[in-house]
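Report on the following structure.
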Amino acid sequence: MSCEPGRSMKGKSVLIVEDDRAYSTLLATRCQQLGLKVHVAADAMTAVDLLSEQSPDLILLDVELPGRTGEPTEAYGLVMAATLRRIMALDLPIIMLTGRNDADVVWRCREAAVRHVHKSPQSWKALRAAIHELLEAPETAAAPALILEESDSACGSADIPQTSRPSSPKILCVDDDCDFTLALCIRLKELGAIPVRAFSGTQGFVVALAEKPDLVITDLHMPDGEGNYLIERLKSNSLTKDIPIVVLTGQRNPGVLLHVRSLGANACLSKPFAMSTLVNELNQHITLPALHAAV
């Protein structure tokens, strides 16, 4: 297989998702030398926006990407890869770039059906060969879903179920209070819903894209993307704009509640609230199979 600059690359494009500006500039220059059209994003959210406008032939994805606060999040690139497998064509080639070369990362890349390339000053030769291989002979096999470890007692990664979509309504619960979301999810399960958790606005948006929930319940004040940010992102994206949103917040300021509604939320309940009040609100937008159990 020839790696001659420009050979077999004309008309193809690559999206580079990398928060290290110097490294992304170097990658962009080298990809352009191969004849590729280059798009660059410094974080996952910008990448999602670009993907809604562009159709790259290949994605180069850093394993550790910053969230809305700018702090790198461990393995966030792997979460994004799992999302892309679900909302885009499954045969879209993805190369994961990481300075970590341990068995765990390599295994998780394999489970996410992405190519692993170790990031180092000497990695361009291996990366160039992978780019040529994937663009000249794209993988067409359906990609297995990324399996994330789940925990009912600790926050850290979003809960992303790997089963096929059930007939019961799927509800995404977004709140940085792990105990509160756990208790809420237990109650929602009793009502016949399928709860999914995320612990920040940024995570919530990514999980919403991946899971396409029937309804979103979100807090307002959270790190790494507040509830207002999540509502705006959900309502501005064609894939999520029609999902009903119920806000649960400790705020009682009428101005705050009106602002939340103006952003597109369907309802806003102040904490503490009666579970029956929440159930009645949910029933306005979805069907809960075991609704009689909550009355």
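To be explicit about the labels: the chains of the structure tokens are called A, B, and onward in the order shown, and within each one the residues are counted from 1, while ligands get numbers from 1 in the order they are shown.
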
* Asked: If you count only C-alpha atoms, which residues fall within 12 Å of Leu36 in chain A, apart from same-chain ones fewer than 2 positions away, as JSON, numbers by chain?
  -> {"A": [5, 6, 7, 8, 9, 10, 11, 12, 13, 14, 15, 16, 27, 28, 29, 30, 31, 32, 33, 34, 38, 39, 56, 57, 58, 59, 128, 131, 132, 135]}

* Just the residues within 12 Å of Leu282 in chain A, please, counting only C-alpha atoms, with nothing from its chain fewer than 2 positions along; format it as a PyMOL selection string. => chain A and resi 169-171+188+191+193+214-217+244-247+266-269+275-280+284-289+291+294
